[in-house]
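Chemist: Got a file for you: final-v3.txt, compact mmCIF, C-alpha atoms and all ligand atoms.
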```
# COMPACT_ATOMS: atom_id res chain seq x y z
CA MET B 26 -21.68 7.16 27.62
CA LYS B 27 -18.11 6.54 26.50
CA LYS B 28 -17.44 8.11 23.11
CA VAL B 29 -16.17 5.95 20.27
CA PRO B 30 -13.60 7.10 17.72
CA VAL B 31 -14.61 8.52 14.37
CA SER B 32 -11.78 8.91 11.88
CA LEU B 33 -11.20 9.83 8.24
CA ILE B 34 -8.92 7.92 5.89
CA ILE B 35 -7.59 9.92 2.95
CA ASP B 36 -5.86 7.74 0.41
CA ASP B 37 -3.67 8.79 -2.52
CA PRO B 38 -2.63 12.41 -1.79
CA ALA B 39 0.60 13.66 -3.32
CA PRO B 40 1.90 17.16 -4.02
CA ILE B 41 0.25 18.51 -7.20
CA ILE B 42 0.50 15.19 -9.07
CA SER B 43 -2.64 13.07 -9.39
CA VAL B 44 -1.58 9.46 -8.90
CA TYR B 45 -5.09 8.52 -10.06
CA TYR B 46 -4.36 10.13 -13.46
CA GLU B 47 -1.17 8.06 -13.66
CA HIS B 48 -2.74 4.69 -12.84
CA ALA B 49 -6.38 5.05 -13.94
CA GLY B 50 -5.73 3.45 -17.33
CA THR B 51 -7.78 6.14 -19.10
CA ASP B 52 -7.37 9.85 -19.76
CA LYS B 53 -11.10 10.58 -19.63
CA THR B 54 -13.71 10.80 -16.90
CA ARG B 55 -16.69 8.49 -17.30
CA ASP B 56 -18.74 11.42 -18.58
CA GLY B 57 -16.11 12.08 -21.26
CA ARG B 58 -14.12 15.06 -19.93
CA PRO B 59 -10.30 15.02 -19.94
CA LEU B 60 -8.94 13.60 -16.69
CA VAL B 61 -6.78 16.28 -15.05
CA PRO B 62 -3.15 15.24 -14.35
CA THR B 63 -2.56 17.69 -11.48
CA TYR B 64 -4.46 19.35 -8.63
CA SER B 65 -3.75 22.95 -7.63
CA ASN B 66 -2.61 23.98 -4.18
CA ASP B 67 -5.74 26.18 -4.04
CA LEU B 68 -7.80 22.97 -3.84
CA PHE B 69 -5.38 21.52 -1.28
CA PHE B 70 -5.81 24.63 0.89
CA ARG B 71 -9.61 24.41 0.54
CA PHE B 72 -9.39 20.89 1.94
CA CYS B 73 -7.19 22.16 4.82
CA ASP B 74 -9.81 24.86 5.56
CA VAL B 75 -12.53 22.21 5.96
CA ALA B 76 -10.30 19.90 8.01
CA GLU B 77 -9.49 22.73 10.42
CA LYS B 78 -13.01 24.18 10.57
CA ARG B 79 -14.61 20.82 11.36
CA GLY B 80 -11.85 19.46 13.60
CA LEU B 81 -11.31 16.40 11.41
CA ARG B 82 -8.75 13.78 12.45
CA GLY B 83 -7.59 10.62 10.74
CA LYS B 84 -4.97 9.43 8.27
CA PHE B 85 -3.47 11.34 5.35
CA SER B 86 -1.20 9.51 2.89
CA VAL B 87 1.76 11.19 1.27
CA VAL B 88 2.81 9.16 -1.78
CA PRO B 89 6.59 9.74 -1.76
CA MET B 90 7.39 9.01 -5.44
CA PRO B 91 4.01 9.80 -6.98
CA GLY B 92 3.45 8.24 -10.37
CA ASN B 93 7.19 7.44 -10.80
CA LYS B 94 7.80 11.17 -11.39
CA GLY B 95 10.69 11.77 -9.01
CA ASP B 96 10.30 12.09 -5.26
CA ILE B 97 9.10 14.58 -2.67
CA VAL B 98 12.67 15.27 -1.42
CA ARG B 99 14.58 15.78 -4.69
CA GLY B 100 11.72 17.17 -6.75
CA LEU B 101 8.87 16.08 -9.01
CA GLN B 102 8.72 16.27 -12.79
CA GLY B 103 6.61 19.19 -13.97
CA VAL B 104 6.04 20.51 -10.43
CA ASP B 105 7.31 23.95 -9.39
CA PRO B 106 9.58 23.39 -6.35
CA ALA B 107 7.81 26.26 -4.55
CA ASP B 108 4.44 24.53 -5.03
CA LEU B 109 5.90 21.22 -3.82
CA GLN B 110 7.29 22.91 -0.71
CA ALA B 111 4.05 24.80 -0.03
CA TRP B 112 2.12 21.52 -0.17
CA LEU B 113 4.53 19.70 2.15
CA ASP B 114 4.53 22.67 4.56
CA GLY B 115 0.72 22.74 4.50
CA VAL B 116 0.52 19.07 5.48
CA LYS B 117 2.93 19.65 8.37
CA THR B 118 1.44 22.87 9.70
CA ARG B 119 -2.28 22.52 8.92
CA LEU B 120 -3.06 18.78 8.89
CA MET B 121 -0.60 17.23 11.35
CA PRO B 122 -0.94 15.99 14.03
CA ALA B 123 -4.72 15.80 13.56
CA PHE B 124 -3.98 13.53 10.62
CA SER B 125 -1.36 10.81 10.98
CA VAL B 126 0.79 10.93 7.88
CA GLY B 127 2.25 7.83 6.29
CA PRO B 128 3.53 6.70 2.91
CA GLU B 129 1.26 4.83 0.51
CA MET B 130 4.26 2.87 -0.63
CA LEU B 131 6.48 4.51 -3.16
CA THR B 132 4.60 5.43 -6.33
CA HIS B 133 1.00 4.13 -6.29
CA HIS B 134 1.88 3.26 -9.86
CA LYS B 135 4.76 1.17 -11.20
CA ALA B 136 6.94 -0.72 -8.70
CA VAL B 137 10.46 0.65 -8.29
CA ASP B 138 13.81 -1.10 -8.68
CA LEU B 139 15.43 0.14 -5.47
CA SER B 140 18.97 -0.21 -6.83
CA THR B 141 18.40 2.14 -9.80
CA GLY B 142 15.17 3.99 -9.02
CA ALA B 143 13.79 2.84 -12.38
CA ALA B 144 10.18 1.74 -12.85
CA LEU B 145 9.56 -1.99 -13.13
CA PRO B 146 7.06 -3.17 -15.76
CA MET B 147 4.35 -4.05 -13.21
CA ASN B 148 2.38 -1.95 -10.74
CA GLU B 149 3.11 -2.08 -7.01
CA ARG B 150 0.10 -4.26 -6.24
CA ASP B 151 1.11 -6.96 -8.71
CA TRP B 152 4.74 -6.71 -7.64
CA ALA B 153 3.90 -7.12 -3.94
CA SER B 154 1.76 -10.20 -4.53
CA THR B 155 4.84 -12.41 -5.03
CA GLN B 156 7.25 -10.84 -2.51
CA ASP B 157 8.37 -11.79 0.98
CA ARG B 158 10.09 -9.93 3.81
CA ALA B 159 13.48 -9.97 2.05
CA THR B 160 12.18 -7.51 -0.56
CA LEU B 161 9.21 -5.95 1.24
CA ILE B 162 11.25 -4.64 4.19
CA PRO B 163 13.66 -2.53 2.07
CA TYR B 164 10.75 -1.30 -0.06
CA ILE B 165 8.79 -0.09 2.98
CA GLU B 166 11.98 1.28 4.57
CA LYS B 167 12.54 3.39 1.44
CA ALA B 168 9.00 4.78 1.75
CA PHE B 169 9.44 5.66 5.44
CA SER B 170 12.91 7.14 4.74
CA LEU B 171 11.62 9.50 2.05
CA LEU B 172 8.90 10.80 4.36
CA ARG B 173 11.38 11.31 7.17
CA GLU B 174 13.82 13.08 4.83
CA ALA B 175 10.95 15.37 3.85
CA GLY B 176 10.49 16.20 7.54
CA PHE B 177 7.51 14.03 8.49
CA SER B 178 7.27 11.89 11.59
CA THR B 179 5.41 8.70 10.80
CA CYS B 180 4.70 5.24 12.19
CA GLY B 181 2.31 3.71 9.70
CA VAL B 182 1.69 2.85 6.06
CA THR B 183 -1.20 2.62 3.65
CA SER B 184 -1.36 -0.13 1.05
CA PRO B 185 -1.76 1.17 -2.50
CA TRP B 186 -4.76 -0.78 -3.83
CA ASP B 187 -4.60 -4.06 -1.87
CA PHE B 188 -0.78 -4.19 -1.89
CA GLY B 189 0.45 -7.20 0.07
CA ILE B 190 -2.89 -8.94 0.61
CA GLU B 191 -1.69 -12.20 -0.99
CA VAL B 192 1.32 -12.29 1.34
CA GLU B 193 -0.32 -10.63 4.32
CA GLU B 194 1.73 -12.24 7.09
CA GLU B 195 5.04 -11.40 5.42
CA TYR B 196 3.72 -7.90 4.72
CA GLU B 197 2.70 -7.38 8.35
CA LYS B 198 6.10 -8.50 9.66
CA SER B 199 7.78 -6.26 7.10
CA ILE B 200 5.83 -3.14 8.08
CA SER B 201 6.54 -3.72 11.77
CA LEU B 202 10.27 -4.26 11.18
CA ALA B 203 10.63 -1.35 8.73
CA ALA B 204 8.89 0.95 11.25
CA LYS B 205 11.27 -0.23 13.94
CA ASN B 206 14.36 0.14 11.72
CA ILE B 207 13.59 3.55 10.21
CA CYS B 208 11.19 5.26 12.63
CA GLY B 209 12.49 3.64 15.82
CA THR B 210 8.98 2.71 16.95
CA ASP B 211 7.68 -0.53 18.46
CA GLU B 212 4.07 0.40 17.70
CA ALA B 213 2.93 0.89 14.12
CA TRP B 214 -0.37 1.01 12.20
CA PHE B 215 -1.33 0.05 8.68
CA PHE B 216 -4.35 0.28 6.42
CA LEU B 217 -5.09 -2.53 4.01
CA ARG B 218 -8.48 -4.05 4.68
CA ALA B 219 -12.00 -2.72 4.91
CA LEU B 220 -14.63 -4.08 7.27
CA ARG B 221 -17.96 -3.18 5.76
CA ASP B 222 -21.45 -4.41 6.54
CA ARG B 223 -20.09 -6.30 9.55
CA PRO B 224 -21.18 -5.75 13.13
CA ASN B 225 -18.65 -4.44 15.62
CA ALA B 226 -16.18 -3.29 12.93
CA LYS B 227 -13.05 -2.11 14.74
CA PRO B 228 -9.26 -2.06 14.40
CA TRP B 229 -7.36 -5.15 15.45
CA VAL B 230 -3.96 -6.28 16.66
CA ALA B 231 -2.41 -7.78 13.52
CA LEU B 232 0.96 -8.76 14.95
CA GLU B 233 2.77 -8.98 18.27
CA GLU B 234 6.39 -10.03 18.07
CA ASP B 235 9.54 -9.30 20.10
CA GLY B 236 7.92 -6.36 21.87
CA ARG B 237 6.58 -4.86 18.65
CA THR B 238 2.88 -4.38 17.89
CA LEU B 239 1.23 -3.76 14.53
CA VAL B 240 -2.37 -2.56 14.47
CA SER B 241 -4.59 -2.86 11.40
CA ILE B 242 -7.01 0.06 11.11
CA PRO B 243 -9.76 -0.72 8.58
CA ALA B 244 -12.15 1.50 6.67
CA THR B 245 -15.65 0.70 7.92
CA LEU B 246 -17.53 2.89 5.43
CA ARG B 247 -17.55 3.42 1.66
CA ASP B 248 -16.03 6.24 -0.37
CA GLU B 249 -19.29 8.07 -1.17
CA PHE B 250 -17.28 10.97 -2.61
CA TRP B 251 -15.83 9.00 -5.55
CA PRO B 252 -18.69 9.66 -8.05
CA THR B 253 -17.75 13.38 -8.02
CA ILE B 254 -14.83 12.48 -10.32
CA ASP B 255 -17.20 11.54 -13.12
CA THR B 256 -19.77 14.33 -13.07
CA GLU B 257 -19.87 18.11 -13.34
CA ARG B 258 -22.79 18.21 -10.93
CA CYS B 259 -22.03 20.36 -7.92
CA ASP B 260 -25.53 21.56 -6.99
CA GLU B 261 -26.86 21.31 -3.46
CA ASP B 262 -29.20 18.40 -4.27
CA PHE B 263 -26.24 16.34 -5.47
CA ILE B 264 -24.08 17.28 -2.48
CA PHE B 265 -26.86 16.44 0.00
CA GLU B 266 -27.72 13.17 -1.75
CA ARG B 267 -24.08 11.99 -1.48
CA ALA B 268 -23.83 13.17 2.14
CA ASP B 269 -27.13 11.45 3.07
CA ARG B 270 -25.58 8.05 2.31
CA LEU B 271 -23.26 8.57 5.28
CA ILE B 272 -25.49 10.66 7.53
CA THR B 273 -28.80 12.34 6.77
CA ALA B 274 -29.39 16.02 7.61
CA ASP B 275 -31.49 15.06 10.65
CA GLY B 276 -28.66 12.84 11.93
CA LYS B 277 -30.99 9.82 12.18
CA SER B 278 -29.84 7.50 9.38
CA GLY B 279 -27.03 6.66 6.99
CA SER B 280 -24.14 4.24 7.08
CA VAL B 281 -22.27 6.12 9.84
CA LEU B 282 -25.26 5.49 12.11
CA GLN B 283 -25.45 1.83 11.05
CA VAL B 284 -21.80 1.27 11.99
CA LEU B 285 -22.31 2.98 15.35
CA GLU B 286 -25.47 1.03 16.11
CA SER B 287 -23.76 -2.28 15.33
CA GLY B 288 -21.07 -1.50 17.92
CA GLY B 289 -18.33 -0.51 15.46
CA TYR B 290 -16.18 2.54 14.93
CA PRO B 291 -17.12 4.79 12.01
CA ILE B 292 -13.90 5.02 10.00
CA LEU B 293 -14.70 7.01 6.89
CA ILE B 294 -12.67 6.69 3.73
CA THR B 295 -12.11 8.87 0.75
CA HIS B 296 -9.46 9.37 -1.90
CA TRP B 297 -7.60 12.50 -2.93
CA GLN B 298 -9.17 12.24 -6.39
CA SER B 299 -12.64 11.97 -4.79
CA LEU B 300 -12.09 15.26 -2.93
CA MET B 301 -10.46 17.02 -5.89
CA SER B 302 -13.31 15.86 -8.18
CA ASN B 303 -11.31 16.31 -11.41
CA GLY B 304 -10.51 19.88 -10.42
CA LEU B 305 -13.99 20.92 -9.24
CA GLY B 306 -13.51 20.22 -5.52
CA THR B 307 -17.08 18.92 -5.15
CA GLY B 308 -15.90 16.19 -2.79
CA ILE B 309 -14.50 18.80 -0.40
CA ARG B 310 -17.98 20.36 -0.19
CA ILE B 311 -19.57 16.97 0.53
CA LEU B 312 -16.95 16.32 3.22
CA ASP B 313 -17.74 19.72 4.76
CA GLU B 314 -21.45 18.81 4.93
CA VAL B 315 -20.87 15.26 6.22
CA SER B 316 -18.57 16.43 8.98
CA ARG B 317 -20.90 19.30 9.88
CA ARG B 318 -23.71 16.74 10.34
CA ILE B 319 -21.51 14.36 12.36
CA ASN B 320 -20.43 17.19 14.66
CA GLU B 321 -23.97 18.54 15.01
CA HIS B 322 -25.72 15.25 15.74
CA LEU B 323 -23.17 12.80 17.08
CA SER B 324 -20.75 14.84 19.20
CA ASP B 325 -22.10 13.17 22.36
CA ARG B 326 -21.35 9.71 20.89
CA VAL B 327 -18.18 10.06 18.82
CA GLU B 328 -14.85 11.82 19.00
CA TRP B 329 -12.51 12.51 16.05
CA LYS B 330 -9.24 10.57 16.37
CA SER B 331 -6.05 10.39 14.35
CA PHE B 332 -4.63 6.99 13.41
CA GLU B 333 -1.86 7.44 15.98
CA GLU B 334 -4.47 8.08 18.66
CA ILE B 335 -6.35 4.95 17.59
CA LEU B 336 -3.08 3.01 17.61
CA ARG B 337 -2.39 4.09 21.24
CA MET B 338 -5.95 3.23 22.21
CA VAL B 339 -5.69 -0.28 20.79
CA CYS B 340 -2.21 -0.89 22.27
CA ALA B 341 -3.52 0.11 25.71
CA ASN B 342 -6.26 -2.56 25.59
CA LYS B 343 -5.09 -5.21 23.14
CA GLN B 344 -7.45 -7.88 24.45
CA ASP B 345 -10.41 -5.80 23.24
CA TYR B 346 -9.21 -5.83 19.63
CA PRO B 347 -8.99 -9.41 18.31
CA LYS B 348 -8.39 -10.13 14.64
CA PRO B 349 -11.65 -10.71 12.75
CA ASN B 350 -12.20 -13.86 10.77
CA PHE B 351 -11.68 -13.31 7.04
CA SER B 352 -12.12 -16.86 5.79
ZN ZN X 1 -4.64 4.30 -2.82
```
Before we go any further, please render this structure as structure tokens.

Modeler:
Amino acid sequence: MKKVPVSLIIDDPAPIISVYYEHAGTDKTRDGRPLVPTYSNDLFFRFCDVAEKRGLRGKFSVVPMPGNKGDIVRGLQGVDPADLQAWLDGVKTRLMPAFSVGPEMLTHHKAVDLSTGAALPMNERDWASTQDRATLIPYIEKAFSLLREAGFSTCGVTSPWDFGIEVEEEYEKSISLAAKNICGTDEAWFFLRALRDRPNAKPWVALEEDGRTLVSIPATLRDEFWPTIDTERCDEDFIFERADRLITADGKSGSVLQVLESGGYPILITHWQSLMSNGLGTGIRILDEVSRRINEHLSDRVEWKSFEEILRMVCANKQDYPKPNFS
């Protein structure tokens, strides 16, 4: 039997700075503890340990101007330059190329005035909703440029929140052109939409134009790690209960199995804050257990793939990946 791709989306990572703290709109967890503004490199390295041990592949965002606090090339407010460099080096040496790295636009917080670098009064999602290619292309080019200056090769972007969904066609053209202009690539990927509770959930060809192709890679599962932000629970019962939602210990049920059985590709999603779990790292332990179960029970049916590998796969057989109907 031909194996299908399994992949892991990780949204919102940035060096040390928690973009979730910046945009959450609260400074408390739901169970009343202070929300932590930063995550240590120790937790980052614990995530790298799991990713390497389990052979995970997927997509890892690097937010280039996290929380409007400077940028990953020139430095971040309140972040020791040695810690910033250690984080960037860790992504390059321990996560890439298993994880395709891409920007999650500039700040995942307030939109940026590109001429001054200053924060605009609205967040990036609200800003994007009224833009077109004239402003989206330079914005995405800036995001790609910062990642390339920091030494990353990249050919895809993640949408902070649902950035661009109101102007999706303009957004798609803009990503494809910005990738061509800055990264020199005709083939690019992006993550905006989720396809959940739908049969046959797979990536699709979002745009073909002048020899360029843009592939949309959706999440097909839910972030079952998120509730770890709002609880101190880190006992085995809690970890197993969260993991069971994706795949049970016997490998026989859970949403990963449902996606597979409906003909789709299991594309898991989590967020950096869901793995960091307000400093407790509980989400990393759940991820370790989920991926252990996937590898133990499904290795004859699925194969871990990075977003760039999925992109190549789709571009090699475009007719098999039509755009789903969203109306
Ligand atoms: Zn995000």

Chemist: Could you list, as a PDB file with C-alpha atoms, in the coordinates of the input, all residues that come within 10 Å of ligand ZN 1 (chain X)? Count all atoms listed in the file.

Modeler:
```
ATOM      1  CA  ILE B  35      -7.590   9.920   2.950  1.00  0.00           C
ATOM      2  CA  ASP B  36      -5.860   7.740   0.410  1.00  0.00           C
ATOM      3  CA  ASP B  37      -3.670   8.790  -2.520  1.00  0.00           C
ATOM      4  CA  PRO B  38      -2.630  12.410  -1.790  1.00  0.00           C
ATOM      5  CA  VAL B  44      -1.580   9.460  -8.900  1.00  0.00           C
ATOM      6  CA  TYR B  45      -5.090   8.520 -10.060  1.00  0.00           C
ATOM      7  CA  SER B  86      -1.200   9.510   2.890  1.00  0.00           C
ATOM      8  CA  VAL B  88       2.810   9.160  -1.780  1.00  0.00           C
ATOM      9  CA  GLU B 129       1.260   4.830   0.510  1.00  0.00           C
ATOM     10  CA  MET B 130       4.260   2.870  -0.630  1.00  0.00           C
ATOM     11  CA  THR B 132       4.600   5.430  -6.330  1.00  0.00           C
ATOM     12  CA  HIS B 133       1.000   4.130  -6.290  1.00  0.00           C
ATOM     13  CA  HIS B 134       1.880   3.260  -9.860  1.00  0.00           C
ATOM     14  CA  THR B 183      -1.200   2.620   3.650  1.00  0.00           C
ATOM     15  CA  SER B 184      -1.360  -0.130   1.050  1.00  0.00           C
ATOM     16  CA  PRO B 185      -1.760   1.170  -2.500  1.00  0.00           C
ATOM     17  CA  TRP B 186      -4.760  -0.780  -3.830  1.00  0.00           C
ATOM     18  CA  ASP B 187      -4.600  -4.060  -1.870  1.00  0.00           C
ATOM     19  CA  PHE B 188      -0.780  -4.190  -1.890  1.00  0.00           C
ATOM     20  CA  LEU B 217      -5.090  -2.530   4.010  1.00  0.00           C
ATOM     21  CA  THR B 295     -12.110   8.870   0.750  1.00  0.00           C
ATOM     22  CA  HIS B 296      -9.460   9.370  -1.900  1.00  0.00           C
ATOM     23  CA  TRP B 297      -7.600  12.500  -2.930  1.00  0.00           C
ATOM     24  CA  GLN B 298      -9.170  12.240  -6.390  1.00  0.00           C
TER      25      GLN B 298
END
```

Chemist: Step by step: start from the point (-17.7, 1.8, 12.1) in the file's coordinates, keep every protein, DNA or RNA residue that has an atom no farther than 7 Å from it, count all atoms listed in the file, and write the set as a ChimeraX atom specification.

Modeler: /B:226-227,245-246,281,284-285,289-292

Chemist: From the list B:Glu166, B:Glu212, B:Pro228, B:Gly288, which residue is nearest Arg326 of chain B when using only C-alpha atoms?

Modeler: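 When distances to Arg326 of chain B are compared using only C-alpha atoms, the smallest one comes from B:Gly288.
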
Chemist: May I ask for the distance between atom CA of Pro40 of chain B and atom CA of Pro146 of chain B, given in Å to one decimal place?

Modeler: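 Between these atoms lies a distance of 24.0 Å.
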
Chemist: Could you state the separation of atom CA of Pro122 of chain B and atom CA of Phe215 of chain B in Å, given to one decimal place?

Modeler: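 Spanning atom CA of Pro122 of chain B to atom CA of Phe215 of chain B is a straight-line distance of 16.8 Å.
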
Chemist: Give me, as CSV, each residue of segment 284-350 of chain B that comes within 9 Å of segment 55-75 of chain B, together with its shortest interatomic pair and the distance in Å at one decimal, counting all atoms listed in the file, with rows ordered by chain and rising residue number.

Modeler:
```
residue,atom,partner,partner_atom,distance
B:Gln298,CA,B:Tyr64,CA,8.8
B:Leu300,CA,B:Phe72,CA,7.9
B:Met301,CA,B:Leu68,CA,6.8
B:Asn303,CA,B:Val61,CA,5.8
B:Gly304,CA,B:Tyr64,CA,6.3
B:Leu305,CA,B:Leu68,CA,8.5
B:Gly306,CA,B:Leu68,CA,6.6
B:Ile309,CA,B:Phe72,CA,6.0
B:Arg310,CA,B:Val75,CA,8.4
B:Leu312,CA,B:Val75,CA,7.9
B:Asp313,CA,B:Val75,CA,5.9
B:Ser316,CA,B:Val75,CA,8.9
```

Chemist: For segment 250-261 of chain B, work out the shell of residues within 6 Å, counting all atoms listed in the file and skipping chain neighbours fewer than 2 positions away, then give it as a list in words.

Modeler: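 Answer for this query is Thr54, Arg55, Asp56, Asp248, Phe263, Ile264, Phe265, Ser299, Ser302, Asn303, Thr307 and Gly308 of chain B.
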
Chemist: Between atom CA of Val98 of chain B and atom CA of Ile207 of chain B, what is the spacing in Å?

Modeler: 16.5 Å

Chemist: Taking 5 positions as the minimum chain separation for residues in the same chain, which residues sit within 7 Å of Leu81 of chain B when counting all atoms listed in the file? Answer as JSON, numbers by chain.

Modeler: {"B": [76, 123, 329]}

Chemist: Add whatever atoms are absent from segment 134-161 of chain B to reach N, CA and C atoms, and provide the output as a PDB file, in the frame of the given file.

Modeler:
```pdb
ATOM      1  N   HIS B 134       1.897   3.491  -8.406  1.00  0.00           N
ATOM      2  CA  HIS B 134       1.880   3.260  -9.860  1.00  0.00           C
ATOM      3  C   HIS B 134       2.843   2.094 -10.109  1.00  0.00           C
ATOM      4  N   LYS B 135       3.847   2.264 -10.921  1.00  0.00           N
ATOM      5  CA  LYS B 135       4.760   1.170 -11.200  1.00  0.00           C
ATOM      6  C   LYS B 135       5.684   0.900 -10.002  1.00  0.00           C
ATOM      7  N   ALA B 136       5.973  -0.380  -9.742  1.00  0.00           N
ATOM      8  CA  ALA B 136       6.940  -0.720  -8.700  1.00  0.00           C
ATOM      9  C   ALA B 136       8.319  -0.187  -9.092  1.00  0.00           C
ATOM     10  N   VAL B 137       9.154   0.011  -8.075  1.00  0.00           N
ATOM     11  CA  VAL B 137      10.460   0.650  -8.290  1.00  0.00           C
ATOM     12  C   VAL B 137      11.576  -0.364  -8.030  1.00  0.00           C
ATOM     13  N   ASP B 138      12.564  -0.366  -8.921  1.00  0.00           N
ATOM     14  CA  ASP B 138      13.810  -1.100  -8.680  1.00  0.00           C
ATOM     15  C   ASP B 138      14.640  -0.242  -7.730  1.00  0.00           C
ATOM     16  N   LEU B 139      14.789  -0.706  -6.483  1.00  0.00           N
ATOM     17  CA  LEU B 139      15.430   0.140  -5.470  1.00  0.00           C
ATOM     18  C   LEU B 139      16.896   0.427  -5.787  1.00  0.00           C
ATOM     19  N   SER B 140      17.547  -0.440  -6.562  1.00  0.00           N
ATOM     20  CA  SER B 140      18.970  -0.210  -6.830  1.00  0.00           C
ATOM     21  C   SER B 140      19.189   0.883  -7.865  1.00  0.00           C
ATOM     22  N   THR B 141      18.216   1.119  -8.747  1.00  0.00           N
ATOM     23  CA  THR B 141      18.400   2.140  -9.800  1.00  0.00           C
ATOM     24  C   THR B 141      17.356   3.249  -9.723  1.00  0.00           C
ATOM     25  N   GLY B 142      16.256   3.007  -9.028  1.00  0.00           N
ATOM     26  CA  GLY B 142      15.170   3.990  -9.020  1.00  0.00           C
ATOM     27  C   GLY B 142      14.250   3.877 -10.223  1.00  0.00           C
ATOM     28  N   ALA B 143      14.591   2.972 -11.154  1.00  0.00           N
ATOM     29  CA  ALA B 143      13.790   2.840 -12.380  1.00  0.00           C
ATOM     30  C   ALA B 143      12.460   2.132 -12.106  1.00  0.00           C
ATOM     31  N   ALA B 144      11.478   2.407 -12.959  1.00  0.00           N
ATOM     32  CA  ALA B 144      10.180   1.740 -12.850  1.00  0.00           C
ATOM     33  C   ALA B 144      10.275   0.321 -13.371  1.00  0.00           C
ATOM     34  N   LEU B 145       9.674  -0.609 -12.647  1.00  0.00           N
ATOM     35  CA  LEU B 145       9.560  -1.990 -13.130  1.00  0.00           C
ATOM     36  C   LEU B 145       8.308  -2.067 -14.018  1.00  0.00           C
ATOM     37  N   PRO B 146       8.190  -3.133 -14.822  1.00  0.00           N
ATOM     38  CA  PRO B 146       7.060  -3.170 -15.760  1.00  0.00           C
ATOM     39  C   PRO B 146       5.702  -3.435 -15.117  1.00  0.00           C
ATOM     40  N   MET B 147       5.664  -3.772 -13.816  1.00  0.00           N
ATOM     41  CA  MET B 147       4.350  -4.050 -13.210  1.00  0.00           C
ATOM     42  C   MET B 147       4.039  -3.023 -12.122  1.00  0.00           C
ATOM     43  N   ASN B 148       2.729  -2.902 -11.788  1.00  0.00           N
ATOM     44  CA  ASN B 148       2.380  -1.950 -10.740  1.00  0.00           C
ATOM     45  C   ASN B 148       2.718  -2.525  -9.364  1.00  0.00           C
ATOM     46  N   GLU B 149       2.661  -1.678  -8.350  1.00  0.00           N
ATOM     47  CA  GLU B 149       3.110  -2.080  -7.010  1.00  0.00           C
ATOM     48  C   GLU B 149       2.250  -3.202  -6.432  1.00  0.00           C
ATOM     49  N   ARG B 150       0.964  -3.199  -6.742  1.00  0.00           N
ATOM     50  CA  ARG B 150       0.100  -4.260  -6.240  1.00  0.00           C
ATOM     51  C   ARG B 150       0.534  -5.615  -6.787  1.00  0.00           C
ATOM     52  N   ASP B 151       0.719  -5.686  -8.096  1.00  0.00           N
ATOM     53  CA  ASP B 151       1.110  -6.960  -8.710  1.00  0.00           C
ATOM     54  C   ASP B 151       2.494  -7.382  -8.251  1.00  0.00           C
ATOM     55  N   TRP B 152       3.390  -6.405  -8.123  1.00  0.00           N
ATOM     56  CA  TRP B 152       4.740  -6.710  -7.640  1.00  0.00           C
ATOM     57  C   TRP B 152       4.677  -7.330  -6.242  1.00  0.00           C
ATOM     58  N   ALA B 153       3.930  -6.681  -5.342  1.00  0.00           N
ATOM     59  CA  ALA B 153       3.900  -7.120  -3.940  1.00  0.00           C
ATOM     60  C   ALA B 153       3.349  -8.538  -3.793  1.00  0.00           C
ATOM     61  N   SER B 154       2.480  -8.938  -4.705  1.00  0.00           N
ATOM     62  CA  SER B 154       1.760 -10.200  -4.530  1.00  0.00           C
ATOM     63  C   SER B 154       2.693 -11.416  -4.500  1.00  0.00           C
ATOM     64  N   THR B 155       3.921 -11.269  -4.999  1.00  0.00           N
ATOM     65  CA  THR B 155       4.840 -12.410  -5.030  1.00  0.00           C
ATOM     66  C   THR B 155       6.086 -12.179  -4.163  1.00  0.00           C
ATOM     67  N   GLN B 156       6.052 -11.167  -3.300  1.00  0.00           N
ATOM     68  CA  GLN B 156       7.250 -10.840  -2.510  1.00  0.00           C
ATOM     69  C   GLN B 156       7.189 -11.478  -1.123  1.00  0.00           C
ATOM     70  N   ASP B 157       8.330 -11.415  -0.432  1.00  0.00           N
ATOM     71  CA  ASP B 157       8.370 -11.790   0.980  1.00  0.00           C
ATOM     72  C   ASP B 157       9.178 -10.722   1.720  1.00  0.00           C
ATOM     73  N   ARG B 158       9.478 -10.987   3.008  1.00  0.00           N
ATOM     74  CA  ARG B 158      10.090  -9.930   3.810  1.00  0.00           C
ATOM     75  C   ARG B 158      11.433  -9.459   3.266  1.00  0.00           C
ATOM     76  N   ALA B 159      12.149 -10.346   2.551  1.00  0.00           N
ATOM     77  CA  ALA B 159      13.480  -9.970   2.050  1.00  0.00           C
ATOM     78  C   ALA B 159      13.397  -8.762   1.114  1.00  0.00           C
ATOM     79  N   THR B 160      12.322  -8.648   0.359  1.00  0.00           N
ATOM     80  CA  THR B 160      12.180  -7.510  -0.560  1.00  0.00           C
ATOM     81  C   THR B 160      11.192  -6.468  -0.046  1.00  0.00           C
ATOM     82  N   LEU B 161      10.205  -6.908   0.746  1.00  0.00           N
ATOM     83  CA  LEU B 161       9.210  -5.950   1.240  1.00  0.00           C
ATOM     84  C   LEU B 161       9.825  -4.993   2.276  1.00  0.00           C
TER      85      LEU B 161
END
```
